[in-house]
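Contents: one structure, followed by commentary.
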Protein chains: 2
Amino acid sequence: MTKMEMQTRDKVKKRQGISLYYQVAEVLREKILSGHWRPGDQIPTEDELCELFQVSRTTVRYALSTLVSEGLIYRKQGQGTYVAEPTLEQVSPQLLGFTEEMTQRGVRPDSRILAVEKVPASEKVAEKLHVQVGEFVILIKRLRLTDDEPIGIQTAYVPFAVCPSLLNDDLSGSLYALLERKYQLHLDNAKDTYYVGMLRDEEARLLEVPSGSAAFVVERITVTSDGTPVEYVRSFMRGDRYKVSHQLSRNKSFG
Amino acid sequence: MTKMEMQTRDKVKKRQGISLYYQVAEVLREKILSGHWRPGDQIPTEDELCELFQVSRTTVRYALSTLVSEGLIYRKQGQGTYVAEPTLEQVSPQLLGFTEEMTQRGVRPDSRILAVEKVPASEKVAEKLHVQVGEFVILIKRLRLTDDEPIGIQTAYVPFAVCPSLLNDDLSGSLYALLERKYQLHLDNAKDTYYVGMLRDEEARLLEVPSGSAAFVVERITVTSDGTPVEYVRSFMRGDRYKVSHQLSRNKSFG
DNA sequence: CAGTGGTCTAGACCACGCT
DNA sequence: GCGTGGTCTAGACCACTGA
């Protein structure tokens, strides 16, 4: 397998507050998800990446570590770093955001922001997030895409008190990355509920399916290590294209 | 919360081939698991750990990163590093049959047998059960009810070789109970896949919903402890009444 | 403001897998 | 031997938190 070349000398420099390792990871992630680099390919060595991006080896290694943890690449000591096989289906009961889930499935996630607003919590949202009715929450409504095809519409609610400046953040990417990286929240677990729903006219139009089509609905409440709910999200996924798998075990833990 | 002190100046030096960061992590892990440091406690700062172990900050941070990924500690920028709450029940979702699941949900399960036959495995069934195409399997098709209301139609396939006399058994109750008690199979785990499907005329009639209604489809492959698939079941549940919940947990690796 | 973790540099030497 | 990733140093500056 030939080593992959970087075509462009990608500039990664002090782009307003984005860390270098994050930018490096971004570029490499794109190479992989776009199919520019394919599973099994060896990517440039760490020294080459240092040269290409004009950053230190520590920075390159930190970027690579994040990609390893995402399952996109793996390292072989004494040999090189390689593009991993895409994980076919999400089987582990691991809590992943949309961006992370799709990356792990080996498709390229994207999103279009439909709405970002500060709104008073409805009764339902208040109950889910353990806040008072009328208390401010941030609503984030996004159209989600995989490989440029619309796959679902997600409406997330985050307590305003938890991250007041979220309104100013770039919400086109991973919300979880923001919550963890910028707001230092320690997401711990979530409860997912799956059921069948119906798409209304506008939703169907956005998802490019006939009005009245069935949707695979996912409701999730995400809580941090100290038990605080930080996100309630309802996702209407295209019923014809989305599925979820889980591993269940019989063992009643300790008979 | 008072900052925890290190009592001993733990030696971490070139212990034959064990890396420094690993030794540092080992010592800290022991402090936490032994209860010497308790959840919520702040551990020594990175600079203090450098001093204590006489290693560089990079090494300390790498050690801490491994503990973060293990969920033992978490960091708060500008504040410190703290011992995490132990993860309460990281038990993966429990594998239950229909009868067990509904009993646990507090409703009365019942079923009507629609068909029990010995049939040759189709290509799809053969693949799922790891048998040869055409090899005999037992098909069990049942209408499932809760509190006397039809809720779903289940079609299960069990390799004939696994329990040849299943045809003579009473299949109106729990199949899992039969497999475990009578056939001494040790059911271990299953993979569930959920997606949206469509009900055909006859299925809709049995479920007492309009033809063409959406169904919540569950596909399950159940395997025993030795990895043998013993059941492949596809369930068309009423989309208007059935939902499934799962607990997911975050296990960040890096960041 | 001082103190914390977050990011980053420019080196160094080691352990490993190949030829 | 040579090139790879693995480990490690001794600094530096930044961003965030709390008093």
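Here, A, B, ... name the chains of the structure tokens in the order displayed, residue numbers run from 1 inside each chain, and ligands are numbered from 1 in the same displayed order.
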For this session: Using only C-alpha atoms (C1' of nucleotides), determine which residues of chain D fall within 7 Å of chain B; present them as a ChimeraX atom specification.
Result: /D:8-9,16-17
Would you save the residues of that selection, restricted to all heavy atoms, as a PDB file, in the first residue's frame?
```
ATOM      1  P    DC D   8       7.597   7.589  29.909  1.00  0.00           P
ATOM      2  OP1  DC D   8       8.320   6.827  30.942  1.00  0.00           O
ATOM      3  OP2  DC D   8       6.152   7.827  30.041  1.00  0.00           O
ATOM      4  O5'  DC D   8       8.315   8.992  29.735  1.00  0.00           O
ATOM      5  C5'  DC D   8       9.723   9.009  29.539  1.00  0.00           C
ATOM      6  C4'  DC D   8      10.191  10.413  29.239  1.00  0.00           C
ATOM      7  O4'  DC D   8       9.837  10.772  27.892  1.00  0.00           O
ATOM      8  C3'  DC D   8       9.596  11.519  30.106  1.00  0.00           C
ATOM      9  O3'  DC D   8      10.501  11.791  31.168  1.00  0.00           O
ATOM     10  C2'  DC D   8       9.456  12.718  29.137  1.00  0.00           C
ATOM     11  C1'  DC D   8      10.038  12.177  27.824  1.00  0.00           C
ATOM     12  N1   DC D   8       9.371  12.673  26.583  1.00  0.00           N
ATOM     13  C2   DC D   8      10.072  13.538  25.751  1.00  0.00           C
ATOM     14  O2   DC D   8      11.219  13.870  26.066  1.00  0.00           O
ATOM     15  N3   DC D   8       9.482  14.005  24.621  1.00  0.00           N
ATOM     16  C4   DC D   8       8.239  13.627  24.317  1.00  0.00           C
ATOM     17  N4   DC D   8       7.706  14.100  23.195  1.00  0.00           N
ATOM     18  C5   DC D   8       7.492  12.733  25.152  1.00  0.00           C
ATOM     19  C6   DC D   8       8.089  12.286  26.265  1.00  0.00           C
ATOM     20  P    DT D   9      10.220  13.022  32.168  1.00  0.00           P
ATOM     21  OP1  DT D   9      10.895  12.684  33.429  1.00  0.00           O
ATOM     22  OP2  DT D   9       8.797  13.395  32.163  1.00  0.00           O
ATOM     23  O5'  DT D   9      11.032  14.200  31.474  1.00  0.00           O
ATOM     24  C5'  DT D   9      12.369  13.971  31.066  1.00  0.00           C
ATOM     25  C4'  DT D   9      12.942  15.227  30.455  1.00  0.00           C
ATOM     26  O4'  DT D   9      12.391  15.415  29.131  1.00  0.00           O
ATOM     27  C3'  DT D   9      12.641  16.505  31.239  1.00  0.00           C
ATOM     28  O3'  DT D   9      13.850  17.161  31.558  1.00  0.00           O
ATOM     29  C2'  DT D   9      11.784  17.348  30.304  1.00  0.00           C
ATOM     30  C1'  DT D   9      12.128  16.789  28.927  1.00  0.00           C
ATOM     31  N1   DT D   9      11.021  16.876  27.942  1.00  0.00           N
ATOM     32  C2   DT D   9      11.189  17.609  26.804  1.00  0.00           C
ATOM     33  O2   DT D   9      12.208  18.219  26.538  1.00  0.00           O
ATOM     34  N3   DT D   9      10.103  17.616  25.959  1.00  0.00           N
ATOM     35  C4   DT D   9       8.891  16.972  26.151  1.00  0.00           C
ATOM     36  O4   DT D   9       7.994  17.048  25.321  1.00  0.00           O
ATOM     37  C5   DT D   9       8.777  16.217  27.381  1.00  0.00           C
ATOM     38  C7   DT D   9       7.512  15.486  27.702  1.00  0.00           C
ATOM     39  C6   DT D   9       9.831  16.204  28.202  1.00  0.00           C
ATOM     40  P    DC D  16     -11.627  31.031  27.132  1.00  0.00           P
ATOM     41  OP1  DC D  16     -12.588  30.335  26.262  1.00  0.00           O
ATOM     42  OP2  DC D  16     -11.502  32.516  27.121  1.00  0.00           O
ATOM     43  O5'  DC D  16     -11.904  30.589  28.633  1.00  0.00           O
ATOM     44  C5'  DC D  16     -11.817  29.208  28.964  1.00  0.00           C
ATOM     45  C4'  DC D  16     -11.604  29.079  30.458  1.00  0.00           C
ATOM     46  O4'  DC D  16     -10.345  29.685  30.798  1.00  0.00           O
ATOM     47  C3'  DC D  16     -12.641  29.805  31.308  1.00  0.00           C
ATOM     48  O3'  DC D  16     -13.481  28.821  31.897  1.00  0.00           O
ATOM     49  C2'  DC D  16     -11.833  30.602  32.333  1.00  0.00           C
ATOM     50  C1'  DC D  16     -10.417  30.078  32.146  1.00  0.00           C
ATOM     51  N1   DC D  16      -9.331  31.073  32.372  1.00  0.00           N
ATOM     52  C2   DC D  16      -8.532  30.935  33.503  1.00  0.00           C
ATOM     53  O2   DC D  16      -8.747  30.003  34.298  1.00  0.00           O
ATOM     54  N3   DC D  16      -7.531  31.838  33.713  1.00  0.00           N
ATOM     55  C4   DC D  16      -7.323  32.827  32.834  1.00  0.00           C
ATOM     56  N4   DC D  16      -6.322  33.678  33.068  1.00  0.00           N
ATOM     57  C5   DC D  16      -8.138  32.975  31.667  1.00  0.00           C
ATOM     58  C6   DC D  16      -9.117  32.089  31.480  1.00  0.00           C
ATOM     59  P    DT D  17     -14.734  29.245  32.759  1.00  0.00           P
ATOM     60  OP1  DT D  17     -15.682  28.124  32.718  1.00  0.00           O
ATOM     61  OP2  DT D  17     -15.147  30.621  32.362  1.00  0.00           O
ATOM     62  O5'  DT D  17     -14.136  29.350  34.228  1.00  0.00           O
ATOM     63  C5'  DT D  17     -13.679  28.170  34.883  1.00  0.00           C
ATOM     64  C4'  DT D  17     -13.133  28.546  36.248  1.00  0.00           C
ATOM     65  O4'  DT D  17     -11.982  29.395  36.078  1.00  0.00           O
ATOM     66  C3'  DT D  17     -14.120  29.325  37.114  1.00  0.00           C
ATOM     67  O3'  DT D  17     -14.485  28.502  38.200  1.00  0.00           O
ATOM     68  C2'  DT D  17     -13.365  30.599  37.544  1.00  0.00           C
ATOM     69  C1'  DT D  17     -11.925  30.302  37.155  1.00  0.00           C
ATOM     70  N1   DT D  17     -11.132  31.475  36.647  1.00  0.00           N
ATOM     71  C2   DT D  17      -9.982  31.825  37.305  1.00  0.00           C
ATOM     72  O2   DT D  17      -9.589  31.251  38.310  1.00  0.00           O
ATOM     73  N3   DT D  17      -9.323  32.901  36.754  1.00  0.00           N
ATOM     74  C4   DT D  17      -9.676  33.620  35.625  1.00  0.00           C
ATOM     75  O4   DT D  17      -8.994  34.551  35.220  1.00  0.00           O
ATOM     76  C5   DT D  17     -10.893  33.186  34.979  1.00  0.00           C
ATOM     77  C7   DT D  17     -11.365  33.901  33.746  1.00  0.00           C
ATOM     78  C6   DT D  17     -11.560  32.148  35.512  1.00  0.00           C
TER      79       DT D  17
END
```
For this session: Identify all chain B residues at most 9 Å from chain A by counting only C-alpha atoms; ligands do not count. Present them as a PyMOL selection string.
Result: chain B and resi 74-77+84-85+87+91-96+187-197+213-216+238-255
Any idea which chain C residues end up within 10 Å of chain B if we count only C-alpha atoms (C1' of nucleotides), as a PDB file with C-alpha atoms (C1' of nucleotides), in the first residue's frame please?
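Output file out_38.pdb is given in full below:
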```pdb
ATOM      1  C1'  DG C   3      -3.633  29.528  40.181  1.00  0.00           C
ATOM      2  C1'  DT C   4      -5.398  26.065  37.330  1.00  0.00           C
ATOM      3  C1'  DG C   5      -5.632  23.212  33.261  1.00  0.00           C
ATOM      4  C1'  DG C   6      -5.074  23.754  27.800  1.00  0.00           C
ATOM      5  C1'  DA C  15      11.355   0.126  21.199  1.00  0.00           C
TER       6       DA C  15
END
```
Problem set entry | Sel. of strand (DSSP E) residues, stretch 120-209 of chain B, as an MDAnalysis selection string | chainID B and resid 120 136:146 149:159 187:198
Problem set entry | Nearby residues (only C-alpha atoms (C1' of nucleotides)) at most 10 Å from stretch 131-136 of chain A, same-chain spacing under 3 positions excluded, as a count of residues only | 20
Exercise. Can you list every residue in stretch 3-252 of chain A that DSSP puts in helix (DSSP H, G or I), as a ChimeraX atom specification?
Worked result: /A:20-33,46-53,57-69,98-105,123-129,164-168,175-182,201-207
Restricting it to C-alpha atoms, dump the selection as a PDB file, in the first residue's frame.
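Result written to selection_15.pdb:
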```pdb
ATOM      1  CA  LEU A  20      -3.803  23.789  16.050  1.00  0.00           C
ATOM      2  CA  TYR A  21      -4.236  20.124  16.898  1.00  0.00           C
ATOM      3  CA  TYR A  22      -7.958  20.490  16.295  1.00  0.00           C
ATOM      4  CA  GLN A  23      -7.362  21.998  12.879  1.00  0.00           C
ATOM      5  CA  VAL A  24      -4.881  19.277  11.989  1.00  0.00           C
ATOM      6  CA  ALA A  25      -7.374  16.636  13.083  1.00  0.00           C
ATOM      7  CA  GLU A  26     -10.061  18.363  11.047  1.00  0.00           C
ATOM      8  CA  VAL A  27      -8.013  18.255   7.862  1.00  0.00           C
ATOM      9  CA  LEU A  28      -7.053  14.609   8.315  1.00  0.00           C
ATOM     10  CA  ARG A  29     -10.618  13.626   9.223  1.00  0.00           C
ATOM     11  CA  GLU A  30     -11.851  15.223   6.026  1.00  0.00           C
ATOM     12  CA  LYS A  31      -9.270  13.322   3.948  1.00  0.00           C
ATOM     13  CA  ILE A  32     -10.586  10.089   5.389  1.00  0.00           C
ATOM     14  CA  LEU A  33     -14.310  10.771   5.355  1.00  0.00           C
ATOM     15  CA  GLU A  46       4.296  12.030  12.056  1.00  0.00           C
ATOM     16  CA  ASP A  47       7.448  13.791  10.934  1.00  0.00           C
ATOM     17  CA  GLU A  48       5.933  14.451   7.531  1.00  0.00           C
ATOM     18  CA  LEU A  49       2.804  15.859   9.111  1.00  0.00           C
ATOM     19  CA  CYS A  50       4.949  18.131  11.257  1.00  0.00           C
ATOM     20  CA  GLU A  51       6.602  19.418   8.124  1.00  0.00           C
ATOM     21  CA  LEU A  52       3.357  19.731   6.187  1.00  0.00           C
ATOM     22  CA  PHE A  53       1.433  21.602   8.842  1.00  0.00           C
ATOM     23  CA  ARG A  57       5.329  16.586  16.751  1.00  0.00           C
ATOM     24  CA  THR A  58       3.465  16.857  20.056  1.00  0.00           C
ATOM     25  CA  THR A  59       0.684  18.708  18.286  1.00  0.00           C
ATOM     26  CA  VAL A  60       0.561  16.189  15.470  1.00  0.00           C
ATOM     27  CA  ARG A  61       0.451  13.314  17.920  1.00  0.00           C
ATOM     28  CA  TYR A  62      -2.335  14.904  19.918  1.00  0.00           C
ATOM     29  CA  ALA A  63      -4.349  15.360  16.737  1.00  0.00           C
ATOM     30  CA  LEU A  64      -3.717  11.749  15.758  1.00  0.00           C
ATOM     31  CA  SER A  65      -4.748  10.603  19.229  1.00  0.00           C
ATOM     32  CA  THR A  66      -8.154  12.201  18.827  1.00  0.00           C
ATOM     33  CA  LEU A  67      -8.597  10.403  15.515  1.00  0.00           C
ATOM     34  CA  VAL A  68      -7.535   7.110  17.068  1.00  0.00           C
ATOM     35  CA  SER A  69     -10.114   7.583  19.780  1.00  0.00           C
ATOM     36  CA  PHE A  98     -24.746  12.664  15.665  1.00  0.00           C
ATOM     37  CA  THR A  99     -21.391  13.827  14.363  1.00  0.00           C
ATOM     38  CA  GLU A 100     -19.536  11.172  16.301  1.00  0.00           C
ATOM     39  CA  GLU A 101     -21.987   8.417  15.441  1.00  0.00           C
ATOM     40  CA  MET A 102     -21.861   9.066  11.727  1.00  0.00           C
ATOM     41  CA  THR A 103     -18.106   9.421  11.735  1.00  0.00           C
ATOM     42  CA  GLN A 104     -17.897   6.032  13.378  1.00  0.00           C
ATOM     43  CA  ARG A 105     -20.302   4.587  10.839  1.00  0.00           C
ATOM     44  CA  GLU A 123     -43.827  22.085  30.261  1.00  0.00           C
ATOM     45  CA  LYS A 124     -42.396  19.044  28.520  1.00  0.00           C
ATOM     46  CA  VAL A 125     -38.916  20.486  28.086  1.00  0.00           C
ATOM     47  CA  ALA A 126     -38.893  21.749  31.665  1.00  0.00           C
ATOM     48  CA  GLU A 127     -39.718  18.292  32.946  1.00  0.00           C
ATOM     49  CA  LYS A 128     -37.019  16.619  30.906  1.00  0.00           C
ATOM     50  CA  LEU A 129     -34.298  19.115  31.824  1.00  0.00           C
ATOM     51  CA  PRO A 164     -25.185  31.047  28.245  1.00  0.00           C
ATOM     52  CA  SER A 165     -22.819  31.871  25.391  1.00  0.00           C
ATOM     53  CA  LEU A 166     -23.849  28.902  23.279  1.00  0.00           C
ATOM     54  CA  LEU A 167     -25.845  31.311  21.121  1.00  0.00           C
ATOM     55  CA  ASN A 168     -22.575  32.786  19.886  1.00  0.00           C
ATOM     56  CA  LEU A 175     -22.640  19.897  20.018  1.00  0.00           C
ATOM     57  CA  TYR A 176     -21.062  17.315  22.290  1.00  0.00           C
ATOM     58  CA  ALA A 177     -17.595  18.485  21.352  1.00  0.00           C
ATOM     59  CA  LEU A 178     -18.613  22.013  22.293  1.00  0.00           C
ATOM     60  CA  LEU A 179     -20.194  20.988  25.566  1.00  0.00           C
ATOM     61  CA  GLU A 180     -17.191  18.938  26.537  1.00  0.00           C
ATOM     62  CA  ARG A 181     -14.389  21.020  25.137  1.00  0.00           C
ATOM     63  CA  LYS A 182     -15.553  24.561  25.599  1.00  0.00           C
ATOM     64  CA  ASP A 201     -45.228  18.849   5.649  1.00  0.00           C
ATOM     65  CA  GLU A 202     -42.275  21.089   6.298  1.00  0.00           C
ATOM     66  CA  GLU A 203     -40.193  18.365   7.889  1.00  0.00           C
ATOM     67  CA  ALA A 204     -40.907  16.024   5.014  1.00  0.00           C
ATOM     68  CA  ARG A 205     -39.905  18.689   2.540  1.00  0.00           C
ATOM     69  CA  LEU A 206     -36.598  19.268   4.311  1.00  0.00           C
ATOM     70  CA  LEU A 207     -35.911  15.553   4.367  1.00  0.00           C
TER      71      LEU A 207
END
```
Problem set entry | Who sits within 8 Å of B:Arg108, only C-alpha atoms (C1' of nucleotides), same chain under 6 positions skipped, as a list in words |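 Surrounding residues, per the criterion: Met102, Thr146, Asp147 and Asp148 of chain B.
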Problem set entry | Computed interatomic separation between atom CA of A:Leu114 and atom CA of A:Tyr232 (Å) |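 Pair atom CA of A:Leu114 / atom CA of A:Tyr232 returns 17.1 Å.
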